[in-house]
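Data block for query_37.cif (mmCIF, C-alpha atoms, pLDDT in the B column; chains and numbers go by the auth columns):
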data_target
loop_
_atom_site.group_PDB
_atom_site.id
_atom_site.type_symbol
_atom_site.label_atom_id
_atom_site.label_comp_id
_atom_site.label_asym_id
_atom_site.label_seq_id
_atom_site.Cartn_x
_atom_site.Cartn_y
_atom_site.Cartn_z
_atom_site.B_iso_or_equiv
_atom_site.auth_seq_id
_atom_site.auth_asym_id
ATOM 1 C CA MET A 1 -18.323 -26.343 163.227 48.00 28 A
ATOM 2 C CA ARG A 2 -20.284 -23.536 164.834 44.00 29 A
ATOM 3 C CA ASN A 3 -21.494 -22.250 161.428 45.00 30 A
ATOM 4 C CA THR A 4 -22.607 -25.757 160.457 44.00 31 A
ATOM 5 C CA LEU A 5 -24.613 -26.071 163.687 37.00 32 A
ATOM 6 C CA LEU A 6 -26.155 -22.627 163.182 37.00 33 A
ATOM 7 C CA ILE A 7 -27.129 -23.481 159.595 42.00 34 A
ATOM 8 C CA GLY A 8 -28.703 -26.747 160.808 41.00 35 A
ATOM 9 C CA VAL A 9 -30.770 -24.968 163.475 36.00 36 A
ATOM 10 C CA VAL A 10 -31.944 -22.326 161.004 39.00 37 A
ATOM 11 C CA ALA A 11 -32.904 -25.039 158.499 41.00 38 A
ATOM 12 C CA VAL A 12 -34.946 -26.922 161.096 39.00 39 A
ATOM 13 C CA LEU A 13 -36.733 -23.745 162.220 41.00 40 A
ATOM 14 C CA ALA A 14 -37.457 -22.759 158.627 44.00 41 A
ATOM 15 C CA GLY A 15 -38.896 -26.209 157.970 45.00 42 A
ATOM 16 C CA CYS A 16 -41.169 -25.946 161.003 44.00 43 A
ATOM 17 C CA ALA A 17 -42.331 -22.475 160.027 44.00 44 A
ATOM 18 C CA GLY A 18 -43.415 -23.736 156.627 43.00 45 A
ATOM 19 C CA SER A 19 -45.419 -26.660 157.968 39.00 46 A
ATOM 20 C CA LYS A 20 -49.065 -26.227 158.840 36.00 47 A
ATOM 21 C CA ALA A 21 -50.434 -27.567 162.078 37.00 48 A
ATOM 22 C CA ARG A 22 -53.389 -29.893 161.712 37.00 49 A
ATOM 23 C CA PRO A 23 -56.567 -27.947 162.489 38.00 50 A
ATOM 24 C CA ASP A 24 -58.094 -28.778 165.847 43.00 51 A
ATOM 25 C CA PRO A 25 -61.519 -30.355 165.190 45.00 52 A
ATOM 26 C CA ASN A 26 -62.758 -28.838 168.444 48.00 53 A
ATOM 27 C CA ASP A 27 -62.217 -25.322 167.045 59.00 54 A
ATOM 28 C CA THR A 28 -65.351 -25.747 164.974 88.00 55 A
ATOM 29 C CA ALA A 29 -68.984 -26.328 165.838 94.00 56 A
ATOM 30 C CA ALA A 30 -69.138 -28.973 163.112 94.00 57 A
ATOM 31 C CA GLY A 31 -69.757 -32.447 164.389 94.00 58 A
ATOM 32 C CA HIS A 32 -72.203 -34.717 166.130 96.00 59 A
ATOM 33 C CA TRP A 33 -73.860 -33.367 169.298 97.00 60 A
ATOM 34 C CA GLN A 34 -76.131 -35.232 171.700 96.00 61 A
ATOM 35 C CA GLY A 35 -78.208 -34.028 174.601 97.00 62 A
ATOM 36 C CA VAL A 36 -81.624 -32.898 175.758 97.00 63 A
ATOM 37 C CA VAL A 37 -84.261 -30.263 175.149 96.00 64 A
ATOM 38 C CA VAL A 38 -86.332 -29.234 178.159 96.00 65 A
ATOM 39 C CA ARG A 39 -89.674 -27.570 177.468 92.00 66 A
ATOM 40 C CA GLY A 40 -92.889 -27.494 179.416 88.00 67 A
ATOM 41 C CA GLY A 41 -91.284 -29.567 182.162 86.00 68 A
ATOM 42 C CA PHE A 42 -90.520 -32.449 179.783 93.00 69 A
ATOM 43 C CA ARG A 43 -87.073 -33.664 178.716 96.00 70 A
ATOM 44 C CA GLN A 44 -86.509 -35.005 175.223 95.00 71 A
ATOM 45 C CA GLY A 45 -83.304 -36.499 173.886 96.00 72 A
ATOM 46 C CA ILE A 46 -82.006 -34.978 170.660 96.00 73 A
ATOM 47 C CA THR A 47 -79.064 -35.320 168.331 96.00 74 A
ATOM 48 C CA VAL A 48 -77.777 -32.424 166.226 97.00 75 A
ATOM 49 C CA VAL A 49 -75.317 -32.858 163.374 96.00 76 A
ATOM 50 C CA LEU A 50 -73.674 -29.690 162.059 96.00 77 A
ATOM 51 C CA GLU A 51 -71.439 -29.289 159.049 95.00 78 A
ATOM 52 C CA ARG A 52 -69.844 -26.326 157.350 92.00 79 A
ATOM 53 C CA GLY A 53 -70.476 -26.453 153.625 87.00 80 A
ATOM 54 C CA ASP A 54 -69.325 -24.291 150.751 89.00 81 A
ATOM 55 C CA SER A 55 -72.384 -22.068 151.073 89.00 82 A
ATOM 56 C CA GLY A 56 -72.522 -21.908 154.878 93.00 83 A
ATOM 57 C CA TRP A 57 -73.612 -24.044 157.789 95.00 84 A
ATOM 58 C CA VAL A 58 -76.050 -26.930 157.403 95.00 85 A
ATOM 59 C CA GLY A 59 -77.376 -29.522 159.788 96.00 86 A
ATOM 60 C CA VAL A 60 -80.087 -31.875 160.934 97.00 87 A
ATOM 61 C CA LEU A 61 -81.881 -32.438 164.218 97.00 88 A
ATOM 62 C CA ASP A 62 -82.962 -35.942 165.215 96.00 89 A
ATOM 63 C CA SER A 63 -85.565 -36.012 167.978 92.00 90 A
ATOM 64 C CA GLY A 64 -85.935 -39.780 167.924 90.00 91 A
ATOM 65 C CA HIS A 65 -89.316 -39.415 166.243 89.00 92 A
ATOM 66 C CA GLU A 66 -88.229 -37.557 163.134 92.00 93 A
ATOM 67 C CA ILE A 67 -85.163 -36.068 161.501 95.00 94 A
ATOM 68 C CA VAL A 68 -85.555 -32.487 160.285 96.00 95 A
ATOM 69 C CA PRO A 69 -83.166 -30.224 158.374 97.00 96 A
ATOM 70 C CA LEU A 70 -81.941 -27.183 160.254 97.00 97 A
ATOM 71 C CA GLN A 71 -82.510 -23.723 158.803 96.00 98 A
ATOM 72 C CA HIS A 72 -80.723 -20.418 159.288 96.00 99 A
ATOM 73 C CA VAL A 73 -77.693 -22.041 160.944 97.00 100 A
ATOM 74 C CA THR A 74 -75.173 -19.413 162.038 96.00 101 A
ATOM 75 C CA VAL A 75 -71.998 -19.799 164.058 95.00 102 A
ATOM 76 C CA GLY A 76 -70.080 -16.739 165.171 93.00 103 A
ATOM 77 C CA GLY A 77 -67.373 -16.961 167.799 92.00 104 A
ATOM 78 C CA ASP A 78 -68.893 -18.923 170.658 95.00 105 A
ATOM 79 C CA SER A 79 -72.504 -18.144 169.647 97.00 106 A
ATOM 80 C CA ILE A 80 -74.738 -20.493 167.702 97.00 107 A
ATOM 81 C CA HIS A 81 -78.222 -20.184 166.207 98.00 108 A
ATOM 82 C CA PHE A 82 -80.354 -22.625 164.246 97.00 109 A
ATOM 83 C CA GLU A 83 -84.028 -23.171 163.541 97.00 110 A
ATOM 84 C CA THR A 84 -86.296 -26.079 162.715 96.00 111 A
ATOM 85 C CA PRO A 85 -88.951 -25.982 159.961 95.00 112 A
ATOM 86 C CA ASP A 86 -91.661 -25.548 162.632 92.00 113 A
ATOM 87 C CA GLU A 87 -90.038 -22.202 163.605 93.00 114 A
ATOM 88 C CA LEU A 88 -88.436 -23.421 166.825 94.00 115 A
ATOM 89 C CA ALA A 89 -85.266 -21.325 167.283 97.00 116 A
ATOM 90 C CA PHE A 90 -82.206 -22.477 169.231 97.00 117 A
ATOM 91 C CA ASP A 91 -79.859 -19.725 170.490 98.00 118 A
ATOM 92 C CA GLY A 92 -76.871 -20.578 172.615 97.00 119 A
ATOM 93 C CA LYS A 93 -73.168 -20.744 173.306 97.00 120 A
ATOM 94 C CA TRP A 94 -70.793 -23.541 172.410 96.00 121 A
ATOM 95 C CA ASP A 95 -67.228 -24.596 173.125 95.00 122 A
ATOM 96 C CA ALA A 96 -65.096 -27.602 172.264 92.00 123 A
ATOM 97 C CA THR A 97 -67.208 -30.072 174.229 95.00 124 A
ATOM 98 C CA SER A 98 -70.619 -28.562 174.955 96.00 125 A
ATOM 99 C CA MET A 99 -73.429 -26.415 173.635 97.00 126 A
ATOM 100 C CA ALA A 100 -76.272 -24.893 175.674 98.00 127 A
ATOM 101 C CA GLY A 101 -78.937 -22.246 175.322 98.00 128 A
ATOM 102 C CA PHE A 102 -82.604 -21.411 175.037 98.00 129 A
ATOM 103 C CA LEU A 103 -85.498 -22.217 172.717 96.00 130 A
ATOM 104 C CA SER A 104 -87.959 -19.679 171.390 96.00 131 A
ATOM 105 C CA GLY A 105 -90.848 -19.794 168.962 93.00 132 A
ATOM 106 C CA PRO A 106 -94.113 -21.685 169.369 91.00 133 A
ATOM 107 C CA THR A 107 -92.705 -23.059 172.635 90.00 134 A
ATOM 108 C CA THR A 108 -89.887 -22.027 174.977 95.00 135 A
ATOM 109 C CA GLY A 109 -87.331 -24.014 176.898 97.00 136 A
ATOM 110 C CA SER A 110 -83.653 -24.833 177.019 97.00 137 A
ATOM 111 C CA PHE A 111 -81.183 -27.243 175.475 97.00 138 A
ATOM 112 C CA ALA A 112 -77.874 -28.772 176.505 97.00 139 A
ATOM 113 C CA LEU A 113 -75.704 -30.840 174.170 97.00 140 A
ATOM 114 C CA SER A 114 -72.319 -32.539 174.401 97.00 141 A
ATOM 115 C CA ARG A 115 -69.987 -33.299 171.521 95.00 142 A
ATOM 116 C CA ASP A 116 -70.093 -36.997 170.654 88.00 143 A
ATOM 117 C CA THR A 117 -66.406 -37.770 170.213 78.00 144 A
ATOM 118 C CA LEU A 118 -67.068 -41.488 169.692 70.00 145 A
ATOM 119 C CA ASP A 119 -69.246 -40.987 166.637 53.00 146 A
ATOM 120 C CA ALA A 120 -67.855 -42.508 163.456 47.00 147 A
ATOM 121 C CA PHE A 121 -68.461 -39.248 161.614 49.00 148 A
ATOM 122 C CA ALA A 122 -67.174 -36.895 164.318 44.00 149 A
ATOM 123 C CA LEU A 123 -64.314 -34.709 163.202 44.00 150 A
ATOM 124 C CA THR A 124 -61.044 -36.255 164.283 40.00 151 A
ATOM 125 C CA GLY A 125 -58.649 -34.911 161.699 41.00 152 A
ATOM 126 C CA ASP A 126 -58.240 -38.482 160.400 40.00 153 A
ATOM 127 C CA LEU A 127 -61.705 -39.861 159.794 38.00 154 A
ATOM 128 C CA GLN A 128 -61.695 -43.550 160.604 39.00 155 A
ATOM 129 C CA PRO A 129 -64.804 -45.711 160.515 41.00 156 A
ATOM 130 C CA ARG A 130 -65.599 -47.675 163.618 40.00 157 A
ATOM 131 C CA ARG A 131 -64.794 -51.328 163.574 44.00 158 A
ATOM 132 C CA ALA A 132 -67.790 -53.600 163.291 43.00 159 A
ATOM 133 C CA VAL A 133 -68.824 -55.331 166.481 44.00 160 A
ATOM 134 C CA TRP A 134 -70.462 -58.694 166.061 48.00 161 A
ATOM 135 C CA ILE A 135 -72.825 -59.818 168.781 49.00 162 A
ATOM 136 C CA LEU A 136 -73.448 -63.527 168.728 51.00 163 A
ATOM 137 C CA GLY A 137 -76.621 -64.788 170.331 48.00 164 A
ATOM 138 C CA HIS A 138 -78.056 -68.180 171.095 46.00 165 A
#
Using the file provided, produce a representation of the structure as structure tokens.
Amino acid sequence: MRNTLLIGVVAVLAGCAGSKARPDPNDTAAGHWQGVVVRGGFRQGITVVLERGDSGWVGVLDSGHEIVPLQHVTVGGDSIHFETPDELAFDGKWDATSMAGFLSGPTTGSFALSRDTLDAFALTGDLQPRRAVWILGH
């Protein structure tokens, strides 16, 4: 009886050791980020979408007026760097829920972003589209 129990416990532990835990989507900078850029005393809302591709990091920045591709995107540890085509460089720190840092280039300032966990394309481990919401008017 004792040997049977011991064999059962060893089998369960061996099964657990062979299984992979689902990666935590918050362990990566990839995702949809929303926040503000402050420069020259003015605040501007922005959205940044980052994705890790086969050849490195890619992304876009949406300022509400235009969407531009990000260049020279690098993520290392908790540091992040990306640039816009007009040579505005973003350098900062990020964690699971926020990203903040400074701007340099033709203008200087700061930025602060939060991960948008409600976005349909945010990394959740099991990507699920949002359900459509119908608004009926008069």
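Look at segment 78-92 of chain A: the protein and nucleic acid residues within 8 Å of it, using only C-alpha atoms and passing over chain neighbours fewer than 4 places away, are Ala56, Ala57, Gly58, Gln71, Gly72, Ile73, Thr74, Pro96, Leu97, Gln98, Val100, Thr101, Val102 and Thr111 of chain A.
The spacing separating atom CA of Ser137 of chain A from atom CA of Thr55 of chain A amounts to 21.9 Å.
With distances restricted to all atoms listed in the file, A:Val64 is the closest residue to Gly128 of chain A from A:Phe69, A:Gly103, A:Val64, A:Arg142.
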**OP:** Can you work out which one of A:Asp105, A:Leu145, A:Arg66, A:Trp60 has the shortest atom-to-atom distance to Gly132 of chain A, counting all atoms listed in the file?
**Re:**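 Going through A:Asp105, A:Leu145, A:Arg66, A:Trp60 one by one, the smallest distance to Gly132 of chain A is for A:Arg66.
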Original post:
Which residue, A:Leu115, A:Ala139, A:Ile94, A:Thr124, has the smallest gap to Arg70 of chain A when you use all atoms listed in the file?
Top reply: A:Ala139
Subject >> Residue among A:Ala116, A:Ile107, A:Leu77, A:Val65 lying closest to Asp143 of chain A, counting all atoms listed in the file >> reply: A:Leu77
**OP:** Tell me which residues the PyMOL selection byres ((chain A and resi 120) around 9) grabs here, as a ChimeraX atom specification.
**Re:** /A:104-108,118-119,121-122,125-128
Original post:
For Ser131 of chain A, which of A:Pro112, A:Phe117, A:Val75, A:Glu93 is the closest residue, counting only C-alpha atoms?
Top reply: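 Nearest to Ser131 of chain A: A:Phe117.
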**OP:** Could you check how far atom CA of Phe109 of chain A sits from atom CA of Phe129 of chain A, in Å to one decimal?
**Re:**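 Interatomic distance, atom CA of Phe109 of chain A to atom CA of Phe129 of chain A: 11.1 Å.
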Subject >> Separation of atom CA of Thr144 of chain A from atom CA of His59 of chain A, in Å and rounded to one decimal >> reply: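 Distance reported for this atom pair: 7.7 Å.
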Should you be able to, write segment 48-147 of chain A of this structure into a file that contains C-alpha atoms, as a PDB file, in the first residue's frame.
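Full text of decode-v1.pdb as output:
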ATOM      1  CA  ALA A  48       3.216  27.048 -17.088  1.00  0.00           C
ATOM      2  CA  ARG A  49       1.384  29.485 -19.319  1.00  0.00           C
ATOM      3  CA  PRO A  50       3.591  32.541 -19.847  1.00  0.00           C
ATOM      4  CA  ASP A  51       2.467  35.596 -17.924  1.00  0.00           C
ATOM      5  CA  PRO A  52       1.475  38.262 -20.485  1.00  0.00           C
ATOM      6  CA  ASN A  53       2.629  40.932 -18.044  1.00  0.00           C
ATOM      7  CA  ASP A  54       6.215  39.624 -18.263  1.00  0.00           C
ATOM      8  CA  THR A  55       6.527  41.276 -21.649  1.00  0.00           C
ATOM      9  CA  ALA A  56       6.306  44.860 -22.829  1.00  0.00           C
ATOM     10  CA  ALA A  57       4.151  43.697 -25.737  1.00  0.00           C
ATOM     11  CA  GLY A  58       0.636  45.008 -25.651  1.00  0.00           C
ATOM     12  CA  HIS A  59      -1.529  48.081 -25.836  1.00  0.00           C
ATOM     13  CA  TRP A  60      -0.471  51.072 -23.706  1.00  0.00           C
ATOM     14  CA  GLN A  61      -2.363  54.317 -23.165  1.00  0.00           C
ATOM     15  CA  GLY A  62      -1.352  57.538 -21.498  1.00  0.00           C
ATOM     16  CA  VAL A  63       0.030  61.023 -21.984  1.00  0.00           C
ATOM     17  CA  VAL A  64       3.051  62.881 -23.280  1.00  0.00           C
ATOM     18  CA  VAL A  65       3.875  66.159 -21.552  1.00  0.00           C
ATOM     19  CA  ARG A  66       6.051  68.617 -23.459  1.00  0.00           C
ATOM     20  CA  GLY A  67       6.253  72.371 -23.385  1.00  0.00           C
ATOM     21  CA  GLY A  68       3.593  72.468 -20.678  1.00  0.00           C
ATOM     22  CA  PHE A  69       1.031  70.704 -22.885  1.00  0.00           C
ATOM     23  CA  ARG A  70      -0.451  67.242 -22.325  1.00  0.00           C
ATOM     24  CA  GLN A  71      -1.308  65.024 -25.269  1.00  0.00           C
ATOM     25  CA  GLY A  72      -2.990  61.642 -25.111  1.00  0.00           C
ATOM     26  CA  ILE A  73      -1.181  58.825 -26.899  1.00  0.00           C
ATOM     27  CA  THR A  74      -1.549  55.121 -27.484  1.00  0.00           C
ATOM     28  CA  VAL A  75       1.438  52.835 -28.056  1.00  0.00           C
ATOM     29  CA  VAL A  76       1.122  49.282 -29.340  1.00  0.00           C
ATOM     30  CA  LEU A  77       4.208  47.083 -29.012  1.00  0.00           C
ATOM     31  CA  GLU A  78       4.764  43.612 -30.376  1.00  0.00           C
ATOM     32  CA  ARG A  79       7.714  41.267 -30.438  1.00  0.00           C
ATOM     33  CA  GLY A  80       8.241  39.913 -33.928  1.00  0.00           C
ATOM     34  CA  ASP A  81      10.644  37.379 -35.364  1.00  0.00           C
ATOM     35  CA  SER A  82      13.176  40.090 -36.162  1.00  0.00           C
ATOM     36  CA  GLY A  83      12.771  42.145 -32.979  1.00  0.00           C
ATOM     37  CA  TRP A  84      10.381  44.645 -31.477  1.00  0.00           C
ATOM     38  CA  VAL A  85       7.934  46.648 -33.580  1.00  0.00           C
ATOM     39  CA  GLY A  86       5.207  49.099 -32.731  1.00  0.00           C
ATOM     40  CA  VAL A  87       3.086  52.099 -33.568  1.00  0.00           C
ATOM     41  CA  LEU A  88       2.271  55.337 -31.786  1.00  0.00           C
ATOM     42  CA  ASP A  89      -1.169  56.902 -32.171  1.00  0.00           C
ATOM     43  CA  SER A  90      -1.316  60.552 -31.133  1.00  0.00           C
ATOM     44  CA  GLY A  91      -4.949  60.980 -32.109  1.00  0.00           C
ATOM     45  CA  HIS A  92      -3.889  63.013 -35.130  1.00  0.00           C
ATOM     46  CA  GLU A  93      -1.739  60.424 -36.857  1.00  0.00           C
ATOM     47  CA  ILE A  94      -0.437  56.903 -36.428  1.00  0.00           C
ATOM     48  CA  VAL A  95       3.308  56.488 -36.941  1.00  0.00           C
ATOM     49  CA  PRO A  96       5.500  53.378 -36.930  1.00  0.00           C
ATOM     50  CA  LEU A  97       8.030  53.174 -34.129  1.00  0.00           C
ATOM     51  CA  GLN A  98      11.715  52.796 -34.953  1.00  0.00           C
ATOM     52  CA  HIS A  99      14.642  51.387 -33.004  1.00  0.00           C
ATOM     53  CA  VAL A 100      12.400  49.689 -30.426  1.00  0.00           C
ATOM     54  CA  THR A 101      14.475  47.986 -27.735  1.00  0.00           C
ATOM     55  CA  VAL A 102      13.371  46.303 -24.532  1.00  0.00           C
ATOM     56  CA  GLY A 103      15.945  45.111 -22.035  1.00  0.00           C
ATOM     57  CA  GLY A 104      14.970  44.134 -18.517  1.00  0.00           C
ATOM     58  CA  ASP A 105      12.813  46.971 -17.237  1.00  0.00           C
ATOM     59  CA  SER A 106      14.207  49.529 -19.723  1.00  0.00           C
ATOM     60  CA  ILE A 107      12.498  50.542 -22.939  1.00  0.00           C
ATOM     61  CA  HIS A 108      13.488  52.761 -25.866  1.00  0.00           C
ATOM     62  CA  PHE A 109      11.677  53.681 -29.063  1.00  0.00           C
ATOM     63  CA  GLU A 110      11.735  56.498 -31.584  1.00  0.00           C
ATOM     64  CA  THR A 111       9.312  58.131 -33.981  1.00  0.00           C
ATOM     65  CA  PRO A 112      10.177  59.004 -37.605  1.00  0.00           C
ATOM     66  CA  ASP A 113      10.553  62.679 -36.597  1.00  0.00           C
ATOM     67  CA  GLU A 114      13.467  61.659 -34.308  1.00  0.00           C
ATOM     68  CA  LEU A 115      11.572  61.971 -31.033  1.00  0.00           C
ATOM     69  CA  ALA A 116      13.137  59.404 -28.663  1.00  0.00           C
ATOM     70  CA  PHE A 117      11.308  57.811 -25.730  1.00  0.00           C
ATOM     71  CA  ASP A 118      13.502  56.337 -22.959  1.00  0.00           C
ATOM     72  CA  GLY A 119      11.948  54.885 -19.852  1.00  0.00           C
ATOM     73  CA  LYS A 120      11.191  52.062 -17.469  1.00  0.00           C
ATOM     74  CA  TRP A 121       8.274  49.666 -17.609  1.00  0.00           C
ATOM     75  CA  ASP A 122       6.661  47.006 -15.450  1.00  0.00           C
ATOM     76  CA  ALA A 123       3.566  44.845 -15.721  1.00  0.00           C
ATOM     77  CA  THR A 124       1.127  47.753 -15.591  1.00  0.00           C
ATOM     78  CA  SER A 125       2.946  50.999 -16.363  1.00  0.00           C
ATOM     79  CA  MET A 126       5.621  52.661 -18.444  1.00  0.00           C
ATOM     80  CA  ALA A 127       7.177  56.089 -17.823  1.00  0.00           C
ATOM     81  CA  GLY A 128      10.175  58.102 -18.913  1.00  0.00           C
ATOM     82  CA  PHE A 129      11.520  61.077 -20.801  1.00  0.00           C
ATOM     83  CA  LEU A 130      11.467  62.409 -24.356  1.00  0.00           C
ATOM     84  CA  SER A 131      14.479  63.754 -26.192  1.00  0.00           C
ATOM     85  CA  GLY A 132      15.118  65.001 -29.698  1.00  0.00           C
ATOM     86  CA  PRO A 133      13.635  68.083 -31.342  1.00  0.00           C
ATOM     87  CA  THR A 134      11.606  68.591 -28.154  1.00  0.00           C
ATOM     88  CA  THR A 135      11.887  67.326 -24.574  1.00  0.00           C
ATOM     89  CA  GLY A 136       9.311  66.184 -22.078  1.00  0.00           C
ATOM     90  CA  SER A 137       8.006  63.115 -20.320  1.00  0.00           C
ATOM     91  CA  PHE A 138       5.554  60.293 -20.884  1.00  0.00           C
ATOM     92  CA  ALA A 139       3.462  58.031 -18.679  1.00  0.00           C
ATOM     93  CA  LEU A 140       1.505  55.051 -19.993  1.00  0.00           C
ATOM     94  CA  SER A 141      -0.640  52.322 -18.461  1.00  0.00           C
ATOM     95  CA  ARG A 142      -1.254  48.876 -19.896  1.00  0.00           C
ATOM     96  CA  ASP A 143      -4.731  48.659 -21.416  1.00  0.00           C
ATOM     97  CA  THR A 144      -5.908  45.295 -20.119  1.00  0.00           C
ATOM     98  CA  LEU A 145      -9.383  45.734 -21.625  1.00  0.00           C
ATOM     99  CA  ASP A 146      -8.139  46.028 -25.188  1.00  0.00           C
ATOM    100  CA  ALA A 147      -9.328  43.265 -27.494  1.00  0.00           C
TER     101      ALA A 147
END
